[in-house]
$ cat entry_10.cif   # mmCIF, N, CA, C and O atoms
data_model
#
loop_
_atom_site.group_PDB
_atom_site.id
_atom_site.type_symbol
_atom_site.label_atom_id
_atom_site.label_comp_id
_atom_site.auth_asym_id
_atom_site.auth_seq_id
_atom_site.Cartn_x
_atom_site.Cartn_y
_atom_site.Cartn_z
ATOM 1 N N MET B 1 -72.459 -3.850 152.665
ATOM 2 C CA MET B 1 -71.298 -3.807 153.521
ATOM 3 C C MET B 1 -70.599 -5.157 153.455
ATOM 4 O O MET B 1 -71.235 -6.192 153.399
ATOM 5 N N SER B 2 -69.295 -5.117 153.487
ATOM 6 C CA SER B 2 -68.487 -6.317 153.362
ATOM 7 C C SER B 2 -67.727 -6.585 154.658
ATOM 8 O O SER B 2 -67.381 -5.668 155.402
ATOM 9 N N ALA B 3 -67.453 -7.840 154.913
ATOM 10 C CA ALA B 3 -66.660 -8.215 156.080
ATOM 11 C C ALA B 3 -65.168 -8.095 155.790
ATOM 12 O O ALA B 3 -64.344 -8.283 156.666
ATOM 13 N N GLN B 4 -64.833 -7.801 154.564
ATOM 14 C CA GLN B 4 -63.430 -7.654 154.174
ATOM 15 C C GLN B 4 -62.894 -6.303 154.625
ATOM 16 O O GLN B 4 -63.608 -5.315 154.614
ATOM 17 N N PRO B 5 -61.617 -6.263 155.025
ATOM 18 C CA PRO B 5 -61.050 -4.966 155.384
ATOM 19 C C PRO B 5 -60.991 -4.052 154.173
ATOM 20 O O PRO B 5 -60.893 -4.514 153.040
ATOM 21 N N ASP B 6 -61.054 -2.768 154.417
ATOM 22 C CA ASP B 6 -61.031 -1.820 153.305
ATOM 23 C C ASP B 6 -59.617 -1.532 152.819
ATOM 24 O O ASP B 6 -59.411 -0.791 151.879
ATOM 25 N N HIS B 7 -58.636 -2.147 153.448
ATOM 26 C CA HIS B 7 -57.258 -2.002 152.986
ATOM 27 C C HIS B 7 -56.516 -3.314 153.239
ATOM 28 O O HIS B 7 -56.847 -4.065 154.134
ATOM 29 N N ALA B 8 -55.548 -3.546 152.431
ATOM 30 C CA ALA B 8 -54.723 -4.731 152.604
ATOM 31 C C ALA B 8 -53.369 -4.290 153.132
ATOM 32 O O ALA B 8 -52.843 -3.256 152.719
ATOM 33 N N PRO B 9 -52.803 -5.062 154.073
ATOM 34 C CA PRO B 9 -51.478 -4.674 154.564
ATOM 35 C C PRO B 9 -50.461 -4.722 153.434
ATOM 36 O O PRO B 9 -50.491 -5.594 152.582
ATOM 37 N N VAL B 10 -49.572 -3.757 153.426
ATOM 38 C CA VAL B 10 -48.564 -3.659 152.388
ATOM 39 C C VAL B 10 -47.342 -4.458 152.811
ATOM 40 O O VAL B 10 -46.814 -4.268 153.907
ATOM 41 N N THR B 11 -46.928 -5.372 151.967
ATOM 42 C CA THR B 11 -45.720 -6.130 152.223
ATOM 43 C C THR B 11 -44.552 -5.350 151.650
ATOM 44 O O THR B 11 -44.543 -5.015 150.470
ATOM 45 N N SER B 12 -43.568 -5.077 152.493
ATOM 46 C CA SER B 12 -42.463 -4.249 152.040
ATOM 47 C C SER B 12 -41.502 -5.010 151.135
ATOM 48 O O SER B 12 -40.742 -4.406 150.399
ATOM 49 N N TYR B 13 -41.528 -6.326 151.213
ATOM 50 C CA TYR B 13 -40.596 -7.116 150.426
ATOM 51 C C TYR B 13 -41.323 -8.321 149.870
ATOM 52 O O TYR B 13 -41.939 -9.069 150.618
ATOM 53 N N ALA B 14 -41.237 -8.520 148.577
ATOM 54 C CA ALA B 14 -41.812 -9.701 147.945
ATOM 55 C C ALA B 14 -40.777 -10.245 146.966
ATOM 56 O O ALA B 14 -40.525 -9.638 145.928
ATOM 57 N N PRO B 15 -40.147 -11.377 147.304
ATOM 58 C CA PRO B 15 -39.114 -11.917 146.416
ATOM 59 C C PRO B 15 -39.710 -12.441 145.117
ATOM 60 O O PRO B 15 -40.904 -12.715 145.025
ATOM 61 N N ALA B 16 -38.863 -12.572 144.132
ATOM 62 C CA ALA B 16 -39.290 -13.154 142.861
ATOM 63 C C ALA B 16 -39.735 -14.593 143.090
ATOM 64 O O ALA B 16 -39.332 -15.236 144.066
ATOM 65 N N ALA B 17 -40.535 -15.100 142.200
ATOM 66 C CA ALA B 17 -41.082 -16.451 142.361
ATOM 67 C C ALA B 17 -39.997 -17.520 142.498
ATOM 68 O O ALA B 17 -40.150 -18.469 143.249
ATOM 69 N N GLY B 18 -38.899 -17.374 141.806
ATOM 70 C CA GLY B 18 -37.835 -18.366 141.857
ATOM 71 C C GLY B 18 -36.774 -18.096 142.899
ATOM 72 O O GLY B 18 -35.782 -18.828 142.995
ATOM 73 N N ALA B 19 -36.969 -17.075 143.719
ATOM 74 C CA ALA B 19 -35.951 -16.687 144.695
ATOM 75 C C ALA B 19 -35.593 -17.793 145.677
ATOM 76 O O ALA B 19 -34.403 -18.002 145.949
ATOM 77 N N PRO B 20 -36.548 -18.538 146.230
ATOM 78 C CA PRO B 20 -36.159 -19.597 147.166
ATOM 79 C C PRO B 20 -35.281 -20.674 146.524
ATOM 80 O O PRO B 20 -34.299 -21.118 147.130
ATOM 81 N N ALA B 21 -35.591 -21.069 145.306
ATOM 82 C CA ALA B 21 -34.788 -22.089 144.616
ATOM 83 C C ALA B 21 -33.394 -21.556 144.289
ATOM 84 O O ALA B 21 -32.393 -22.269 144.449
ATOM 85 N N GLU B 22 -33.314 -20.318 143.863
ATOM 86 C CA GLU B 22 -32.015 -19.706 143.566
ATOM 87 C C GLU B 22 -31.182 -19.583 144.840
ATOM 88 O O GLU B 22 -29.980 -19.848 144.834
ATOM 89 N N LEU B 23 -31.827 -19.194 145.916
ATOM 90 C CA LEU B 23 -31.149 -19.061 147.192
ATOM 91 C C LEU B 23 -30.618 -20.414 147.667
ATOM 92 O O LEU B 23 -29.475 -20.523 148.105
ATOM 93 N N LEU B 24 -31.426 -21.440 147.552
ATOM 94 C CA LEU B 24 -30.991 -22.780 147.955
ATOM 95 C C LEU B 24 -29.804 -23.242 147.118
ATOM 96 O O LEU B 24 -28.855 -23.834 147.654
ATOM 97 N N ALA B 25 -29.800 -22.952 145.842
ATOM 98 C CA ALA B 25 -28.658 -23.298 144.987
ATOM 99 C C ALA B 25 -27.399 -22.557 145.438
ATOM 100 O O ALA B 25 -26.307 -23.144 145.472
ATOM 101 N N GLN B 26 -27.537 -21.299 145.792
ATOM 102 C CA GLN B 26 -26.391 -20.524 146.278
ATOM 103 C C GLN B 26 -25.886 -21.083 147.610
ATOM 104 O O GLN B 26 -24.682 -21.159 147.839
ATOM 105 N N LEU B 27 -26.810 -21.459 148.474
ATOM 106 C CA LEU B 27 -26.411 -22.032 149.762
ATOM 107 C C LEU B 27 -25.678 -23.357 149.565
ATOM 108 O O LEU B 27 -24.696 -23.638 150.256
ATOM 109 N N ARG B 28 -26.154 -24.166 148.634
ATOM 110 C CA ARG B 28 -25.503 -25.455 148.368
ATOM 111 C C ARG B 28 -24.100 -25.276 147.795
ATOM 112 O O ARG B 28 -23.245 -26.122 147.990
ATOM 113 N N ALA B 29 -23.866 -24.172 147.103
ATOM 114 C CA ALA B 29 -22.554 -23.903 146.507
ATOM 115 C C ALA B 29 -21.586 -23.266 147.510
ATOM 116 O O ALA B 29 -20.384 -23.221 147.259
ATOM 117 N N ASP B 30 -22.090 -22.794 148.631
ATOM 118 C CA ASP B 30 -21.253 -22.118 149.627
ATOM 119 C C ASP B 30 -20.473 -23.143 150.450
ATOM 120 O O ASP B 30 -20.901 -24.281 150.615
ATOM 121 N N ARG B 31 -19.346 -22.714 150.985
ATOM 122 C CA ARG B 31 -18.532 -23.630 151.788
ATOM 123 C C ARG B 31 -19.210 -24.008 153.104
ATOM 124 O O ARG B 31 -18.848 -24.979 153.737
ATOM 125 N N ARG B 32 -20.216 -23.259 153.504
ATOM 126 C CA ARG B 32 -20.962 -23.542 154.738
ATOM 127 C C ARG B 32 -22.189 -24.422 154.489
ATOM 128 O O ARG B 32 -23.041 -24.564 155.361
ATOM 129 N N ALA B 33 -22.290 -24.994 153.314
ATOM 130 C CA ALA B 33 -23.490 -25.723 152.899
ATOM 131 C C ALA B 33 -23.892 -26.813 153.889
ATOM 132 O O ALA B 33 -25.082 -27.028 154.124
ATOM 133 N N GLU B 34 -22.940 -27.457 154.464
ATOM 134 C CA GLU B 34 -23.238 -28.569 155.386
ATOM 135 C C GLU B 34 -24.113 -28.102 156.554
ATOM 136 O O GLU B 34 -24.973 -28.846 157.023
ATOM 137 N N ARG B 35 -23.890 -26.878 157.018
ATOM 138 C CA ARG B 35 -24.681 -26.337 158.123
ATOM 139 C C ARG B 35 -25.860 -25.507 157.639
ATOM 140 O O ARG B 35 -26.944 -25.543 158.223
ATOM 141 N N TRP B 36 -25.620 -24.725 156.581
ATOM 142 C CA TRP B 36 -26.635 -23.766 156.172
ATOM 143 C C TRP B 36 -27.822 -24.383 155.440
ATOM 144 O O TRP B 36 -28.949 -23.944 155.635
ATOM 145 N N VAL B 37 -27.596 -25.367 154.599
ATOM 146 C CA VAL B 37 -28.715 -25.950 153.830
ATOM 147 C C VAL B 37 -29.752 -26.578 154.762
ATOM 148 O O VAL B 37 -30.951 -26.289 154.628
ATOM 149 N N PRO B 38 -29.347 -27.431 155.734
ATOM 150 C CA PRO B 38 -30.374 -27.971 156.641
ATOM 151 C C PRO B 38 -31.088 -26.889 157.454
ATOM 152 O O PRO B 38 -32.297 -26.982 157.691
ATOM 153 N N ALA B 39 -30.348 -25.849 157.855
ATOM 154 C CA ALA B 39 -30.970 -24.767 158.620
ATOM 155 C C ALA B 39 -31.999 -24.018 157.767
ATOM 156 O O ALA B 39 -33.102 -23.718 158.232
ATOM 157 N N PHE B 40 -31.635 -23.717 156.517
ATOM 158 C CA PHE B 40 -32.582 -23.040 155.617
ATOM 159 C C PHE B 40 -33.811 -23.915 155.387
ATOM 160 O O PHE B 40 -34.943 -23.422 155.465
ATOM 161 N N GLU B 41 -33.595 -25.191 155.107
ATOM 162 C CA GLU B 41 -34.724 -26.092 154.842
ATOM 163 C C GLU B 41 -35.644 -26.215 156.054
ATOM 164 O O GLU B 41 -36.864 -26.271 155.911
ATOM 165 N N ARG B 42 -35.072 -26.219 157.248
ATOM 166 C CA ARG B 42 -35.868 -26.285 158.479
ATOM 167 C C ARG B 42 -36.699 -25.013 158.641
ATOM 168 O O ARG B 42 -37.909 -25.084 158.906
ATOM 169 N N GLU B 43 -36.064 -23.849 158.454
ATOM 170 C CA GLU B 43 -36.796 -22.584 158.571
ATOM 171 C C GLU B 43 -37.858 -22.448 157.480
ATOM 172 O O GLU B 43 -38.958 -21.941 157.727
ATOM 173 N N TRP B 44 -37.522 -22.875 156.265
ATOM 174 C CA TRP B 44 -38.472 -22.795 155.151
ATOM 175 C C TRP B 44 -39.692 -23.676 155.422
ATOM 176 O O TRP B 44 -40.830 -23.252 155.205
ATOM 177 N N ALA B 45 -39.456 -24.890 155.921
ATOM 178 C CA ALA B 45 -40.573 -25.801 156.211
ATOM 179 C C ALA B 45 -41.479 -25.225 157.295
ATOM 180 O O ALA B 45 -42.710 -25.312 157.184
ATOM 181 N N ALA B 46 -40.893 -24.634 158.329
ATOM 182 C CA ALA B 46 -41.694 -24.032 159.389
ATOM 183 C C ALA B 46 -42.510 -22.851 158.854
ATOM 184 O O ALA B 46 -43.700 -22.712 159.177
ATOM 185 N N ALA B 47 -41.881 -22.016 158.033
ATOM 186 C CA ALA B 47 -42.592 -20.866 157.455
ATOM 187 C C ALA B 47 -43.685 -21.319 156.496
ATOM 188 O O ALA B 47 -44.759 -20.715 156.432
ATOM 189 N N LEU B 48 -43.426 -22.386 155.761
ATOM 190 C CA LEU B 48 -44.428 -22.917 154.834
ATOM 191 C C LEU B 48 -45.648 -23.436 155.599
ATOM 192 O O LEU B 48 -46.789 -23.179 155.218
ATOM 193 N N GLU B 49 -45.399 -24.138 156.688
ATOM 194 C CA GLU B 49 -46.507 -24.635 157.511
ATOM 195 C C GLU B 49 -47.297 -23.475 158.114
ATOM 196 O O GLU B 49 -48.524 -23.501 158.136
ATOM 197 N N GLU B 50 -46.593 -22.451 158.566
ATOM 198 C CA GLU B 50 -47.266 -21.270 159.103
ATOM 199 C C GLU B 50 -48.117 -20.590 158.028
ATOM 200 O O GLU B 50 -49.241 -20.170 158.283
ATOM 201 N N SER B 51 -47.576 -20.503 156.811
ATOM 202 C CA SER B 51 -48.334 -19.846 155.743
ATOM 203 C C SER B 51 -49.579 -20.641 155.377
ATOM 204 O O SER B 51 -50.589 -20.065 154.993
ATOM 205 N N ARG B 52 -49.513 -21.943 155.511
ATOM 206 C CA ARG B 52 -50.710 -22.767 155.253
ATOM 207 C C ARG B 52 -51.780 -22.510 156.301
ATOM 208 O O ARG B 52 -52.972 -22.518 155.990
ATOM 209 N N ARG B 53 -51.340 -22.305 157.539
ATOM 210 C CA ARG B 53 -52.300 -22.051 158.618
ATOM 211 C C ARG B 53 -52.879 -20.643 158.559
ATOM 212 O O ARG B 53 -54.055 -20.434 158.842
ATOM 213 N N THR B 54 -52.046 -19.672 158.210
ATOM 214 C CA THR B 54 -52.459 -18.272 158.288
ATOM 215 C C THR B 54 -52.852 -17.655 156.952
ATOM 216 O O THR B 54 -53.359 -16.532 156.930
ATOM 217 N N PHE B 55 -52.582 -18.361 155.856
ATOM 218 C CA PHE B 55 -52.841 -17.830 154.512
ATOM 219 C C PHE B 55 -52.054 -16.545 154.247
ATOM 220 O O PHE B 55 -52.523 -15.641 153.576
ATOM 221 N N SER B 56 -50.860 -16.468 154.829
ATOM 222 C CA SER B 56 -49.996 -15.306 154.658
ATOM 223 C C SER B 56 -48.636 -15.758 154.159
ATOM 224 O O SER B 56 -48.088 -16.751 154.624
ATOM 225 N N LEU B 57 -48.090 -15.012 153.228
ATOM 226 C CA LEU B 57 -46.761 -15.319 152.694
ATOM 227 C C LEU B 57 -45.653 -14.570 153.425
ATOM 228 O O LEU B 57 -44.476 -14.746 153.124
ATOM 229 N N ALA B 58 -46.003 -13.768 154.397
ATOM 230 C CA ALA B 58 -45.029 -12.922 155.091
ATOM 231 C C ALA B 58 -43.890 -13.734 155.697
ATOM 232 O O ALA B 58 -42.725 -13.337 155.609
ATOM 233 N N GLY B 59 -44.192 -14.861 156.311
ATOM 234 C CA GLY B 59 -43.150 -15.687 156.918
ATOM 235 C C GLY B 59 -42.188 -16.251 155.890
ATOM 236 O O GLY B 59 -40.977 -16.306 156.130
ATOM 237 N N LEU B 60 -42.709 -16.642 154.749
ATOM 238 C CA LEU B 60 -41.854 -17.153 153.672
ATOM 239 C C LEU B 60 -40.948 -16.051 153.140
ATOM 240 O O LEU B 60 -39.761 -16.271 152.910
ATOM 241 N N TYR B 61 -41.521 -14.862 152.967
ATOM 242 C CA TYR B 61 -40.729 -13.730 152.498
ATOM 243 C C TYR B 61 -39.609 -13.419 153.493
ATOM 244 O O TYR B 61 -38.482 -13.115 153.102
ATOM 245 N N GLU B 62 -39.935 -13.501 154.771
ATOM 246 C CA GLU B 62 -38.952 -13.192 155.809
ATOM 247 C C GLU B 62 -37.795 -14.191 155.793
ATOM 248 O O GLU B 62 -36.638 -13.799 155.922
ATOM 249 N N VAL B 63 -38.105 -15.466 155.619
ATOM 250 C CA VAL B 63 -37.049 -16.481 155.556
ATOM 251 C C VAL B 63 -36.123 -16.208 154.366
ATOM 252 O O VAL B 63 -34.899 -16.235 154.506
ATOM 253 N N VAL B 64 -36.691 -15.928 153.215
ATOM 254 C CA VAL B 64 -35.878 -15.650 152.029
ATOM 255 C C VAL B 64 -35.022 -14.409 152.258
ATOM 256 O O VAL B 64 -33.817 -14.418 151.992
ATOM 257 N N GLN B 65 -35.610 -13.365 152.777
ATOM 258 C CA GLN B 65 -34.868 -12.130 153.004
ATOM 259 C C GLN B 65 -33.748 -12.343 154.027
ATOM 260 O O GLN B 65 -32.627 -11.865 153.823
ATOM 261 N N ASP B 66 -34.019 -13.053 155.110
ATOM 262 C CA ASP B 66 -32.991 -13.314 156.121
ATOM 263 C C ASP B 66 -31.817 -14.088 155.541
ATOM 264 O O ASP B 66 -30.659 -13.743 155.773
ATOM 265 N N TRP B 67 -32.113 -15.130 154.764
ATOM 266 C CA TRP B 67 -31.034 -15.953 154.219
ATOM 267 C C TRP B 67 -30.276 -15.238 153.107
ATOM 268 O O TRP B 67 -29.072 -15.426 152.951
ATOM 269 N N GLN B 68 -30.953 -14.410 152.330
ATOM 270 C CA GLN B 68 -30.244 -13.611 151.330
ATOM 271 C C GLN B 68 -29.270 -12.667 152.024
ATOM 272 O O GLN B 68 -28.139 -12.485 151.566
ATOM 273 N N SER B 69 -29.697 -12.108 153.129
ATOM 274 C CA SER B 69 -28.845 -11.204 153.883
ATOM 275 C C SER B 69 -27.653 -11.952 154.488
ATOM 276 O O SER B 69 -26.518 -11.477 154.435
ATOM 277 N N ARG B 70 -27.890 -13.117 155.051
ATOM 278 C CA ARG B 70 -26.805 -13.910 155.619
ATOM 279 C C ARG B 70 -25.768 -14.253 154.556
ATOM 280 O O ARG B 70 -24.560 -14.159 154.793
ATOM 281 N N LEU B 71 -26.247 -14.661 153.403
ATOM 282 C CA LEU B 71 -25.349 -15.034 152.317
ATOM 283 C C LEU B 71 -24.561 -13.813 151.819
ATOM 284 O O LEU B 71 -23.371 -13.915 151.562
ATOM 285 N N ALA B 72 -25.231 -12.683 151.715
ATOM 286 C CA ALA B 72 -24.570 -11.469 151.227
ATOM 287 C C ALA B 72 -23.521 -10.947 152.212
ATOM 288 O O ALA B 72 -22.500 -10.396 151.796
ATOM 289 N N HIS B 73 -23.755 -11.127 153.505
ATOM 290 C CA HIS B 73 -22.844 -10.594 154.510
ATOM 291 C C HIS B 73 -21.795 -11.594 154.983
ATOM 292 O O HIS B 73 -20.910 -11.230 155.758
ATOM 293 N N ALA B 74 -21.858 -12.818 154.518
ATOM 294 C CA ALA B 74 -20.902 -13.836 154.949
ATOM 295 C C ALA B 74 -19.451 -13.454 154.671
ATOM 296 O O ALA B 74 -18.600 -13.651 155.546
ATOM 297 N N PRO B 75 -19.106 -12.888 153.499
ATOM 298 C CA PRO B 75 -17.720 -12.515 153.280
ATOM 299 C C PRO B 75 -17.202 -11.466 154.277
ATOM 300 O O PRO B 75 -16.054 -11.547 154.720
ATOM 301 N N ALA B 76 -18.048 -10.542 154.651
ATOM 302 C CA ALA B 76 -17.636 -9.527 155.625
ATOM 303 C C ALA B 76 -17.420 -10.150 157.001
ATOM 304 O O ALA B 76 -16.496 -9.780 157.720
ATOM 305 N N VAL B 77 -18.255 -11.107 157.357
ATOM 306 C CA VAL B 77 -18.093 -11.794 158.636
ATOM 307 C C VAL B 77 -16.812 -12.615 158.631
ATOM 308 O O VAL B 77 -16.089 -12.659 159.631
ATOM 309 N N ASP B 78 -16.522 -13.250 157.511
ATOM 310 C CA ASP B 78 -15.296 -14.042 157.413
ATOM 311 C C ASP B 78 -14.039 -13.182 157.550
ATOM 312 O O ASP B 78 -13.031 -13.629 158.100
ATOM 313 N N ALA B 79 -14.120 -11.966 157.040
ATOM 314 C CA ALA B 79 -12.954 -11.064 157.074
ATOM 315 C C ALA B 79 -12.770 -10.539 158.467
ATOM 316 O O ALA B 79 -11.936 -10.665 159.204
#

$ encode --input "entry_10.cif" --output "C-alpha cells"
Amino acid sequence: MSAQPDHAPVTSYAPAAGAPAELLAQLRADRRAERWVPAFEREWAAALEESRRTFSLAGLYEVVQDWQSRLAHAPAVDA
C-alpha cells in the first residue's frame, strides 16, 4: 500500500514552457506597460513563492492565464 493518492488532480490549463516570457514581452510592448509589467511581475513572484511552498504549479498557471486574458480583452475594454 502506498501513501500516494491513487489519482492526480487534472489541471485544466497548462501553458507552454515559454508562455510567461512571451507574455512579459507582450506586456512590455503594450501601451499600458508602465502599470502592467510591475503588476505582472508582482503576481508572478507571489505565485512562484507559493509554488515553492506547495510544490504546485497551479498558481503560476493561473497568473499566466489571467494576464493572457487581460491582454486579449484590452482592445474591447478600450473600445

$ residues_around --input "entry_10.cif" --residues "region 16-26 of chain B" --least-positions-apart "6" --cutoff "7 Å" --atoms "only N, CA, C and O atoms" --output "tab-separated table (two decimals) with N, CA, C and O atoms, in the coordinates of the input"
chain	number	residue	atom	x	y	z
B	33	ALA	N	-22.29	-24.99	153.31
B	33	ALA	CA	-23.49	-25.72	152.90
B	33	ALA	C	-23.89	-26.81	153.89
B	33	ALA	O	-25.08	-27.03	154.12
B	37	VAL	N	-27.60	-25.37	154.60
B	37	VAL	CA	-28.72	-25.95	153.83
B	37	VAL	C	-29.75	-26.58	154.76
B	37	VAL	O	-30.95	-26.29	154.63
B	64	VAL	N	-36.69	-15.93	153.22
B	64	VAL	CA	-35.88	-15.65	152.03
B	64	VAL	C	-35.02	-14.41	152.26
B	64	VAL	O	-33.82	-14.42	151.99
B	68	GLN	N	-30.95	-14.41	152.33
B	68	GLN	CA	-30.24	-13.61	151.33
B	68	GLN	C	-29.27	-12.67	152.02
B	68	GLN	O	-28.14	-12.48	151.57

$ atom_distance --input "entry_10.cif" --atom1 "CA of Gly59 (chain B)" --atom2 "CA of Arg35 (chain B)"
21.4 Å

$ atom_distance --input "entry_10.cif" --atom1 "CA of Ala72 (chain B)" --atom2 "CA of Glu50 (chain B)"
25.9 Å

$ atom_distance --input "entry_10.cif" --atom1 "atom O of Arg32 (chain B)" --atom2 "CA of Leu57 (chain B)"
25.6 Å

$ closest_residue --input "entry_10.cif" --among "B:Pro38, B:Ala79, B:Asp66, B:Ala74" --to "Tyr13 (chain B)" --atoms "only C-alpha atoms"
B:Asp66

$ axis_aligned_box --input "entry_10.cif" --around "region 35-38 of chain B" --padding-each-side "6 Å" --output "JSON"
{"center_x": -28.1, "center_y": -25.9, "center_z": 156.0, "size_x": 20.4, "size_y": 16.2, "size_z": 16.4}

$ decode --input "entry_10.cif" --residues "region 4-58 of chain B" --atoms "C-alpha atoms" --output "PDB file, in the first residue's frame"
ATOM      1  CA  GLN B   4       0.337   8.379  -2.608  1.00  0.00           C
ATOM      2  CA  PRO B   5      -3.136   9.222  -3.867  1.00  0.00           C
ATOM      3  CA  ASP B   6      -4.478   6.871  -6.492  1.00  0.00           C
ATOM      4  CA  HIS B   7      -5.277   9.796  -8.766  1.00  0.00           C
ATOM      5  CA  ALA B   8      -3.677  13.082  -9.579  1.00  0.00           C
ATOM      6  CA  PRO B   9      -5.748  16.243  -9.890  1.00  0.00           C
ATOM      7  CA  VAL B  10      -6.221  17.239 -13.501  1.00  0.00           C
ATOM      8  CA  THR B  11      -5.033  20.702 -14.401  1.00  0.00           C
ATOM      9  CA  SER B  12      -7.373  22.182 -16.953  1.00  0.00           C
ATOM     10  CA  TYR B  13      -4.796  24.605 -18.297  1.00  0.00           C
ATOM     11  CA  ALA B  14      -1.056  24.183 -18.689  1.00  0.00           C
ATOM     12  CA  PRO B  15       0.718  26.937 -20.638  1.00  0.00           C
ATOM     13  CA  ALA B  16       3.677  26.249 -22.867  1.00  0.00           C
ATOM     14  CA  ALA B  17       7.066  26.427 -21.191  1.00  0.00           C
ATOM     15  CA  GLY B  18       7.884  29.796 -22.755  1.00  0.00           C
ATOM     16  CA  ALA B  19       4.463  31.337 -22.164  1.00  0.00           C
ATOM     17  CA  PRO B  20       5.463  33.549 -19.211  1.00  0.00           C
ATOM     18  CA  ALA B  21       8.401  35.069 -21.119  1.00  0.00           C
ATOM     19  CA  GLU B  22       6.284  35.614 -24.231  1.00  0.00           C
ATOM     20  CA  LEU B  23       3.546  37.175 -22.137  1.00  0.00           C
ATOM     21  CA  LEU B  24       6.003  39.521 -20.434  1.00  0.00           C
ATOM     22  CA  ALA B  25       7.336  40.607 -23.835  1.00  0.00           C
ATOM     23  CA  GLN B  26       3.785  41.343 -24.999  1.00  0.00           C
ATOM     24  CA  LEU B  27       3.078  43.304 -21.826  1.00  0.00           C
ATOM     25  CA  ARG B  28       6.255  45.348 -22.290  1.00  0.00           C
ATOM     26  CA  ALA B  29       5.179  46.193 -25.852  1.00  0.00           C
ATOM     27  CA  ASP B  30       1.693  47.320 -24.756  1.00  0.00           C
ATOM     28  CA  ARG B  31       0.899  50.969 -24.114  1.00  0.00           C
ATOM     29  CA  ARG B  32      -0.059  50.029 -20.535  1.00  0.00           C
ATOM     30  CA  ALA B  33       3.402  48.590 -19.840  1.00  0.00           C
ATOM     31  CA  GLU B  34       4.206  51.133 -17.149  1.00  0.00           C
ATOM     32  CA  ARG B  35       1.390  49.757 -14.973  1.00  0.00           C
ATOM     33  CA  TRP B  36       1.013  46.216 -16.222  1.00  0.00           C
ATOM     34  CA  VAL B  37       4.618  44.958 -16.160  1.00  0.00           C
ATOM     35  CA  PRO B  38       5.164  45.685 -12.430  1.00  0.00           C
ATOM     36  CA  ALA B  39       1.748  44.199 -11.620  1.00  0.00           C
ATOM     37  CA  PHE B  40       2.504  41.014 -13.591  1.00  0.00           C
ATOM     38  CA  GLU B  41       5.955  40.697 -12.012  1.00  0.00           C
ATOM     39  CA  ARG B  42       4.464  41.140  -8.525  1.00  0.00           C
ATOM     40  CA  GLU B  43       1.783  38.493  -9.140  1.00  0.00           C
ATOM     41  CA  TRP B  44       4.308  36.141 -10.768  1.00  0.00           C
ATOM     42  CA  ALA B  45       6.711  36.453  -7.818  1.00  0.00           C
ATOM     43  CA  ALA B  46       3.923  35.721  -5.332  1.00  0.00           C
ATOM     44  CA  ALA B  47       2.756  32.695  -7.345  1.00  0.00           C
ATOM     45  CA  LEU B  48       6.337  31.462  -7.675  1.00  0.00           C
ATOM     46  CA  GLU B  49       6.842  31.656  -3.913  1.00  0.00           C
ATOM     47  CA  GLU B  50       3.558  29.827  -3.362  1.00  0.00           C
ATOM     48  CA  SER B  51       4.587  27.106  -5.810  1.00  0.00           C
ATOM     49  CA  ARG B  52       7.849  26.633  -3.925  1.00  0.00           C
ATOM     50  CA  ARG B  53       5.924  26.157  -0.695  1.00  0.00           C
ATOM     51  CA  THR B  54       3.185  23.924  -2.085  1.00  0.00           C
ATOM     52  CA  PHE B  55       5.008  22.115  -4.913  1.00  0.00           C
ATOM     53  CA  SER B  56       2.106  23.045  -7.193  1.00  0.00           C
ATOM     54  CA  LEU B  57       2.230  24.906 -10.487  1.00  0.00           C
ATOM     55  CA  ALA B  58      -1.469  25.800 -10.383  1.00  0.00           C
TER      56      ALA B  58
END
